[in-house]
>>> print(open('input.txt').read())   # compact mmCIF, C-alpha atoms
# COMPACT_ATOMS: atom_id res chain seq x y z
CA MET A 1 -110.91 104.76 -72.62
CA ARG A 2 -107.85 106.37 -71.19
CA ALA A 3 -109.40 106.25 -67.73
CA ALA A 4 -109.95 102.50 -68.07
CA ARG A 5 -106.37 101.99 -69.12
CA LYS A 6 -105.10 104.03 -66.15
CA SER A 7 -107.22 102.04 -63.71
CA GLY A 8 -106.02 98.73 -65.13
CA HIS A 9 -102.41 99.89 -64.97
CA ARG A 10 -102.88 100.87 -61.29
CA SER A 11 -104.43 97.50 -60.36
CA THR A 12 -101.50 95.71 -61.99
CA LYS A 13 -99.03 97.72 -59.92
CA VAL A 14 -100.95 96.98 -56.72
CA LEU A 15 -100.99 93.25 -57.48
CA ALA A 16 -97.26 93.25 -58.23
CA ALA A 17 -96.53 95.07 -54.96
CA ALA A 18 -98.63 92.57 -53.03
CA LEU A 19 -96.85 89.63 -54.62
CA LEU A 20 -93.44 91.16 -53.84
CA THR A 21 -94.40 91.76 -50.23
CA ALA A 22 -95.64 88.17 -49.85
CA SER A 23 -92.47 86.74 -51.32
CA LEU A 24 -90.29 88.80 -49.02
CA ALA A 25 -92.34 87.69 -46.02
CA ILE A 26 -92.04 84.04 -47.01
CA GLY A 27 -88.27 84.41 -47.48
CA GLY A 28 -87.87 86.00 -44.06
CA CYS A 29 -89.79 83.23 -42.42
CA GLY A 30 -87.70 80.61 -44.17
CA ALA A 31 -84.50 82.33 -43.09
CA SER A 32 -85.62 82.53 -39.51
CA ASP A 33 -86.66 78.86 -39.57
CA THR A 34 -83.33 77.87 -41.10
CA GLY A 35 -81.42 79.85 -38.48
CA ALA A 36 -83.37 78.24 -35.67
CA THR A 37 -82.79 74.83 -37.16
CA SER A 38 -79.08 75.45 -37.49
CA ASP A 39 -78.91 76.75 -33.91
CA SER A 40 -80.67 73.66 -32.61
CA ALA A 41 -78.36 71.42 -34.63
CA GLN A 42 -75.32 73.19 -33.24
CA GLY A 43 -76.72 72.85 -29.71
CA ALA A 44 -77.29 69.13 -30.21
CA ALA A 45 -73.79 68.69 -31.56
CA ALA A 46 -72.36 70.56 -28.59
CA ASP A 47 -74.41 68.36 -26.24
CA SER A 48 -73.19 65.20 -27.94
CA LYS A 49 -69.58 66.38 -27.77
CA GLY A 50 -69.77 67.73 -24.20
CA GLY A 51 -71.60 64.66 -22.81
CA GLY A 52 -70.89 64.60 -19.11
CA GLN A 53 -70.22 68.34 -18.88
CA ALA A 54 -73.75 69.13 -20.01
CA GLU A 55 -75.14 66.77 -17.40
CA ARG A 56 -72.93 68.13 -14.63
CA ALA A 57 -73.97 71.75 -15.23
CA PRO A 58 -77.61 71.76 -16.26
CA GLY A 59 -78.13 75.14 -14.63
CA SER A 60 -76.02 76.93 -17.27
CA VAL A 61 -78.55 76.22 -20.02
CA ALA A 62 -81.39 77.47 -17.87
CA ASP A 63 -79.46 80.64 -17.07
CA ALA A 64 -78.80 81.29 -20.76
CA ASP A 65 -82.47 80.87 -21.69
CA SER A 66 -83.88 82.66 -18.67
CA GLY A 67 -83.90 85.97 -20.53
CA SER A 68 -86.22 84.86 -23.29
CA GLY A 69 -88.47 82.71 -21.13
CA ALA A 70 -89.71 80.68 -24.12
CA ARG A 71 -87.72 77.49 -23.49
CA LYS A 72 -87.51 77.71 -19.70
CA PRO A 73 -90.35 75.22 -18.90
CA ALA A 74 -88.93 72.62 -21.28
CA ASP A 75 -85.40 72.94 -19.84
CA SER A 76 -86.59 72.71 -16.22
CA ALA A 77 -88.62 69.61 -17.02
CA GLY A 78 -85.74 67.89 -18.80
CA ALA A 79 -83.08 68.64 -16.12
CA LYS A 80 -81.86 65.63 -14.09
CA LYS A 81 -81.91 65.79 -10.30
CA PRO A 82 -78.79 64.65 -8.43
CA PRO A 83 -79.18 61.31 -6.62
CA LEU A 84 -80.02 61.50 -2.93
CA THR A 85 -77.30 60.39 -0.50
CA LYS A 86 -78.23 57.46 1.72
CA THR A 87 -78.52 58.39 5.38
CA HIS A 88 -76.34 56.46 7.82
CA VAL A 89 -77.51 56.48 11.45
CA ILE A 90 -76.12 54.76 14.57
CA ARG A 91 -79.00 53.68 16.84
CA THR A 92 -78.60 52.67 20.48
CA ALA A 93 -81.16 52.04 23.21
CA THR A 94 -81.21 51.12 26.92
CA LEU A 95 -84.19 49.41 28.58
CA SER A 96 -84.84 48.63 32.25
CA VAL A 97 -87.69 46.17 32.80
CA GLU A 98 -89.02 44.61 36.00
CA VAL A 99 -90.14 40.99 35.50
CA ASP A 100 -91.41 38.19 37.72
CA ASN A 101 -88.78 35.70 36.48
CA ALA A 102 -85.55 37.18 35.15
CA THR A 103 -84.26 33.86 33.82
CA LYS A 104 -87.37 33.27 31.74
CA ALA A 105 -87.42 36.86 30.46
CA LEU A 106 -83.75 36.54 29.50
CA ALA A 107 -84.50 33.50 27.35
CA THR A 108 -87.37 35.40 25.72
CA ALA A 109 -85.06 38.33 24.88
CA ARG A 110 -82.56 35.98 23.23
CA THR A 111 -85.32 34.42 21.13
CA VAL A 112 -86.65 37.82 20.03
CA ALA A 113 -83.18 38.99 18.93
CA GLU A 114 -82.38 35.78 17.05
CA ASN A 115 -85.75 35.75 15.26
CA ALA A 116 -85.07 39.32 14.09
CA GLY A 117 -81.74 38.25 12.61
CA GLY A 118 -79.64 39.69 15.42
CA ILE A 119 -77.02 38.34 17.78
CA VAL A 120 -76.52 38.24 21.56
CA GLY A 121 -73.53 40.11 22.95
CA ASN A 122 -72.43 40.42 26.56
CA GLU A 123 -74.57 38.88 29.29
CA THR A 124 -74.40 39.21 33.09
CA THR A 125 -76.60 37.57 35.74
CA GLU A 126 -76.24 37.93 39.51
CA LEU A 127 -78.20 37.22 42.70
CA ILE A 128 -78.71 40.28 44.89
CA ASP A 129 -79.30 39.95 48.65
CA ASP A 130 -80.24 36.29 48.19
CA SER A 131 -83.71 37.49 47.25
CA HIS A 132 -83.91 38.56 43.60
CA VAL A 133 -82.02 38.10 40.32
CA TYR A 134 -80.59 40.90 38.15
CA SER A 135 -79.61 40.27 34.50
CA ARG A 136 -78.04 42.52 31.87
CA ILE A 137 -77.77 41.57 28.20
CA VAL A 138 -76.56 43.40 25.06
CA LEU A 139 -78.37 42.65 21.79
CA ARG A 140 -77.38 43.57 18.20
CA VAL A 141 -80.33 43.67 15.80
CA PRO A 142 -80.74 44.94 12.21
CA GLN A 143 -81.81 48.56 11.79
CA GLU A 144 -85.01 47.46 10.05
CA GLU A 145 -86.11 45.42 13.09
CA TYR A 146 -85.00 47.98 15.69
CA ASP A 147 -88.43 49.43 16.57
CA ALA A 148 -90.19 46.05 16.55
CA VAL A 149 -87.59 44.47 18.86
CA LEU A 150 -87.79 47.41 21.26
CA LYS A 151 -91.55 47.04 21.46
CA GLU A 152 -91.35 43.31 22.20
CA LEU A 153 -88.66 43.71 24.84
CA ALA A 154 -90.58 46.49 26.61
CA GLY A 155 -93.62 44.19 26.76
CA THR A 156 -91.86 41.43 28.71
CA GLY A 157 -92.65 43.12 32.03
CA LYS A 158 -93.02 46.49 33.75
CA LEU A 159 -91.00 49.15 31.92
CA LEU A 160 -88.96 51.16 34.42
CA ASP A 161 -86.71 53.20 32.13
CA ARG A 162 -86.12 53.64 28.41
CA LYS A 163 -83.48 55.68 26.62
CA ALA A 164 -82.96 55.74 22.82
CA ASP A 165 -80.31 57.60 20.84
CA ALA A 166 -79.83 58.14 17.09
CA LYS A 167 -76.62 59.67 15.72
CA ASP A 168 -76.31 60.67 12.05
CA VAL A 169 -72.85 59.75 10.71
CA THR A 170 -73.53 60.21 7.01
CA ASP A 171 -70.79 62.83 6.71
CA GLN A 172 -68.28 60.50 8.32
CA VAL A 173 -69.21 57.62 6.02
CA VAL A 174 -68.93 59.78 2.89
CA ASP A 175 -65.62 61.26 4.07
CA VAL A 176 -64.12 57.84 4.83
CA ASP A 177 -65.26 56.43 1.48
CA SER A 178 -63.72 59.36 -0.37
CA ARG A 179 -60.44 59.08 1.51
CA ILE A 180 -60.26 55.34 0.84
CA LYS A 181 -60.73 55.95 -2.87
CA SER A 182 -57.98 58.58 -2.90
CA GLN A 183 -55.66 56.42 -0.80
CA ARG A 184 -56.09 53.44 -3.12
CA THR A 185 -55.22 55.63 -6.07
CA SER A 186 -52.15 56.89 -4.21
CA VAL A 187 -51.02 53.34 -3.40
CA ALA A 188 -51.46 52.29 -7.02
CA ARG A 189 -49.42 55.30 -8.15
CA VAL A 190 -46.56 54.45 -5.80
CA ARG A 191 -46.55 50.85 -6.99
CA ASP A 192 -46.38 52.03 -10.59
CA MET A 193 -43.42 54.23 -9.70
CA MET A 194 -41.71 51.25 -8.05
CA ASP A 195 -42.15 49.20 -11.21
CA ARG A 196 -40.44 51.93 -13.25
CA ALA A 197 -37.70 52.71 -10.72
CA THR A 198 -34.14 51.72 -11.72
CA LYS A 199 -32.08 52.87 -8.72
CA ILE A 200 -31.98 50.93 -5.47
CA SER A 201 -32.23 54.14 -3.44
CA ASP A 202 -35.42 55.07 -5.27
CA VAL A 203 -36.86 51.60 -4.70
CA VAL A 204 -36.09 51.75 -0.97
CA MET A 205 -37.66 55.18 -0.62
CA LEU A 206 -40.73 54.11 -2.56
CA GLU A 207 -41.12 50.96 -0.43
CA GLY A 208 -41.18 53.06 2.73
CA GLU A 209 -43.73 55.41 1.21
CA LEU A 210 -45.82 52.46 0.04
CA SER A 211 -45.79 50.93 3.53
CA THR A 212 -46.94 54.20 5.09
CA ARG A 213 -49.77 54.65 2.61
CA GLN A 214 -50.90 51.04 2.95
CA THR A 215 -51.02 51.46 6.75
CA GLU A 216 -53.21 54.54 6.37
CA LEU A 217 -55.41 52.66 3.91
CA GLU A 218 -55.87 49.75 6.34
CA ALA A 219 -56.80 52.17 9.13
CA LEU A 220 -59.40 53.78 6.88
CA LEU A 221 -60.77 50.38 5.88
CA ALA A 222 -61.08 49.38 9.55
CA ARG A 223 -62.94 52.61 10.31
CA GLN A 224 -65.21 52.02 7.33
CA ALA A 225 -66.00 48.49 8.55
CA SER A 226 -66.75 49.82 12.05
CA LEU A 227 -69.10 52.49 10.71
CA LYS A 228 -70.82 49.96 8.49
CA ASP A 229 -71.35 47.57 11.40
CA ARG A 230 -72.72 50.25 13.71
CA THR A 231 -75.01 51.72 11.06
CA THR A 232 -76.26 48.32 9.91
CA MET A 233 -76.87 46.79 13.35
CA ALA A 234 -78.51 48.66 16.23
CA THR A 235 -77.38 48.06 19.82
CA ILE A 236 -79.93 47.42 22.59
CA THR A 237 -78.90 47.04 26.24
CA LEU A 238 -81.59 45.29 28.31
CA ALA A 239 -81.61 45.22 32.13
CA LEU A 240 -83.96 42.73 33.78
CA SER A 241 -84.67 42.84 37.52
CA GLU A 242 -87.02 40.96 39.80
CA PRO A 243 -89.05 42.74 42.51
CA GLU A 244 -87.57 42.67 46.01
CA ALA A 245 -89.15 40.33 48.55
CA ARG A 246 -91.43 42.23 50.92
CA GLU A 247 -92.42 40.97 54.37
CA SER A 248 -96.16 40.94 54.99
CA ALA A 249 -97.22 43.06 57.94
CA LYS A 250 -99.11 41.36 60.74
CA GLU A 251 -102.68 42.43 61.27
CA ASP A 252 -102.59 42.08 65.08
CA ASP A 253 -99.53 43.67 66.69
CA GLU A 254 -100.49 42.74 70.31
CA PRO A 255 -98.48 39.81 71.76
CA GLY A 256 -100.38 36.57 72.39
CA PHE A 257 -99.79 33.31 74.21
CA LEU A 258 -97.60 31.92 71.47
CA ASP A 259 -95.57 35.11 71.41
CA ALA A 260 -95.10 34.91 75.21
CA LEU A 261 -94.17 31.23 74.97
CA GLY A 262 -91.69 31.97 72.25
CA GLY A 263 -90.23 34.86 74.22
CA GLY A 264 -89.92 32.70 77.35
CA TRP A 265 -88.22 29.93 75.43
CA ASP A 266 -85.79 32.43 73.90
CA ALA A 267 -85.04 33.80 77.41
CA PHE A 268 -84.52 30.28 78.75
CA VAL A 269 -82.15 29.37 75.97
CA THR A 270 -80.31 32.64 76.40
CA THR A 271 -79.97 32.01 80.17
CA LEU A 272 -78.58 28.53 79.55
CA LYS A 273 -76.09 29.99 77.14
CA TRP A 274 -74.92 32.56 79.67
CA VAL A 275 -74.68 29.93 82.44
CA ALA A 276 -72.68 27.67 80.19
CA MET A 277 -70.42 30.58 79.30
CA ALA A 278 -69.95 31.41 83.02
CA LEU A 279 -69.13 27.79 83.85
CA GLY A 280 -66.71 27.66 80.99
CA ALA A 281 -65.01 30.79 82.26
CA VAL A 282 -64.79 29.53 85.89
CA ALA A 283 -63.77 25.95 85.05
CA PRO A 284 -60.02 26.64 84.57
CA PHE A 285 -59.79 28.41 87.93
CA ALA A 286 -61.75 25.69 89.74
CA ALA A 287 -59.50 23.00 88.24
CA ALA A 288 -56.38 24.85 89.35
CA ILE A 289 -57.68 25.27 92.92
CA ALA A 290 -58.63 21.59 93.13
CA LEU A 291 -55.19 20.57 91.95
CA LEU A 292 -53.48 22.75 94.53
CA TYR A 293 -55.66 21.31 97.25
CA VAL A 294 -54.77 17.74 96.27
CA LEU A 295 -51.06 18.56 96.26
CA TRP A 296 -51.33 20.15 99.70
CA ARG A 297 -53.01 17.08 101.11
CA LEU A 298 -50.32 14.83 99.71
CA LEU A 299 -47.49 16.93 101.05
CA ARG A 300 -49.07 17.18 104.51
CA GLY A 301 -49.35 13.43 104.78
CA ARG A 302 -45.64 12.93 104.10
CA LEU A 303 -44.29 15.48 106.66
CA PRO A 304 -43.17 14.04 110.15
CA GLN A 305 -45.56 14.88 112.95
CA ARG A 306 -44.39 16.03 116.48
CA PRO A 307 -45.54 14.21 119.71
CA ALA A 308 -48.55 15.67 121.39
CA GLN A 309 -46.87 15.82 124.88
CA ALA A 310 -43.87 17.73 123.62
CA LEU A 311 -45.99 20.18 121.98
CA ALA A 312 -48.34 20.63 124.96
CA ALA A 313 -47.18 23.07 127.74
CA PRO A 314 -47.20 21.82 131.43
CA ALA A 315 -50.36 22.73 133.16
CA VAL A 316 -49.99 24.86 136.36
CA PRO A 317 -52.69 24.12 138.93
CA HIS A 318 -54.71 26.86 140.39
CA PRO A 319 -53.83 27.74 144.03
CA ALA A 320 -57.21 26.77 145.19
CA GLU A 321 -56.83 23.42 143.63
CA GLN A 322 -53.41 22.59 145.15
CA PRO A 323 -53.40 19.80 147.70
CA GLU A 324 -53.15 20.56 151.32
CA GLU A 325 -49.71 19.09 151.58
CA ALA A 326 -48.37 21.63 149.20
CA LYS A 327 -49.79 24.40 151.26
>>> encode(input="input.txt", output="structure tokens")
Amino acid sequence: MRAARKSGHRSTKVLAAALLTASLAIGGCGASDTGATSDSAQGAAADSKGGGQAERAPGSVADADSGSGARKPADSAGAKKPPLTKTHVIRTATLSVEVDNATKALATARTVAENAGGIVGNETTELIDDSHVYSRIVLRVPQEEYDAVLKELAGTGKLLDRKADAKDVTDQVVDVDSRIKSQRTSVARVRDMMDRATKISDVVMLEGELSTRQTELEALLARQASLKDRTTMATITLALSEPEARESAKEDDEPGFLDALGGGWDAFVTTLKWVAMALGAVAPFAAAIALLYVLWRLLRGRLPQRPAQALAAPAVPHPAEQPEEAK
């Protein structure tokens, strides 16, 4: 009887101890769940208050939870990636193409550029050695049509030379945009100070400062427009040339009858030319001599002439011919 009572008393104690242990375990779990819930609520409140700061520094949350490792996959999946910066590239190309008809190929190049939404820039056409035409044209086409236009232009004839260049100016574009934003803010600040200025000296000083900052802003805007134009439109310089005229070689190099006849005719014409040149050179002298001769004849006719007897000397007879009476 006593043994039964002792065993019943022991079983009651064991049951009470088990119930106490279970209640403590349930209370601990509830406390831990409540603490986690309160921590998550506080984190959400901090996120709602911080707003932009939480988005700007997503790495801080990951660093804080990296030790536990439990929430790391969820944080990495929920983090936002920064937007990618658009690339700005200046594209230029130079093509040299040999064509049968430069004028026709030039018209084709204009049509290709205009169909692609581009424009025609400088154009030069000249005739070289009176035998072939050389043309040079500058085309501006959109960046999206750059490769297609190059392919069409290269197919207009025989490609002699091709040079393409791509220059990344993204840093310059971003820098200019940032400086323009800052400069506009500076100009607005100076204008606000001018509105609140009461002294004439302050107004004059602020006007000079405003003029300087506006000049810098206009220079930045002009640079921005230039970069935008060069990164939006690609430049293609196309040189078109016709093949030089080549003389066909004769199959038979030995001279024939026609060659001899032609050579004789050329010699005859050349001889006549030299004779004519000689006569032309002698003609002035011959004319002068003829004139002098005519004058001499005229003067001789007018001079008085002496009698023939006075001029003639008396003849002395030979002794053998003297008459006998003289002897």
>>> closest_residue(input="input.txt", among="A:Glu98, A:Thr103, A:Pro142, A:Arg136", to="Asn115 in chain A", atoms="only C-alpha atoms")
A:Pro142
>>> residues_around(input="input.txt", residues="Asp161 in chain A", least_positions_apart="2", cutoff="6 Å", atoms="all atoms listed in the file", output="PDB file with C-alpha atoms, in the coordinates of the input")
ATOM      1  CA  LEU A  95     -84.190  49.410  28.580  1.00  0.00           C
ATOM      2  CA  SER A  96     -84.840  48.630  32.250  1.00  0.00           C
ATOM      3  CA  LEU A 159     -91.000  49.150  31.920  1.00  0.00           C
TER       4      LEU A 159
END
>>> atom_distance(input="input.txt", atom1="CA of Ser241 in chain A", atom2="CA of Glu144 in chain A")
27.9 Å
>>> residues_around(input="input.txt", residues="range 203-210 of chain A", least_positions_apart="3", cutoff="7 Å", atoms="all atoms listed in the file", output="list in words")
Val187, Val190, Met194, Ala197, Lys199, Ile200, Arg213 and Gln214 of chain A
>>> closest_residue(input="input.txt", among="A:Glu216, A:Asp100, A:Asp171, A:Asp202", to="Val133 in chain A", atoms="all atoms listed in the file")
A:Asp100
>>> atom_distance(input="input.txt", atom1="CA of Ile289 in chain A", atom2="CA of Trp274 in chain A")
22.9 Å
>>> atom_distance(input="input.txt", atom1="CA of Val112 in chain A", atom2="CA of Glu244 in chain A")
26.4 Å
>>> closest_residue(input="input.txt", among="A:Leu272, A:Ala267, A:Leu238, A:Arg297", to="Glu152 in chain A", atoms="all atoms listed in the file")
A:Leu238
>>> residues_around(input="input.txt", residues="Arg223 in chain A", least_positions_apart="6", cutoff="10 Å", atoms="all atoms listed in the file", output="list in words")
Gln172, Val173, Val176, Asp177, Leu217 and Asp229 of chain A
>>> residues_near_point(input="input.txt", point="(-78.1, 56.2, 13.7)", cutoff="6 Å", atoms="only C-alpha atoms", output="ChimeraX atom specification")
/A:89-91,166-168
>>> closest_residue(input="input.txt", among="A:Trp265, A:Ile236, A:Thr170, A:Val138", to="Ala93 in chain A", atoms="only C-alpha atoms")
A:Ile236
>>> closest_residue(input="input.txt", among="A:Arg191, A:Arg140, A:Lys158, A:His132", to="Ile119 in chain A", atoms="only C-alpha atoms")
A:Arg140
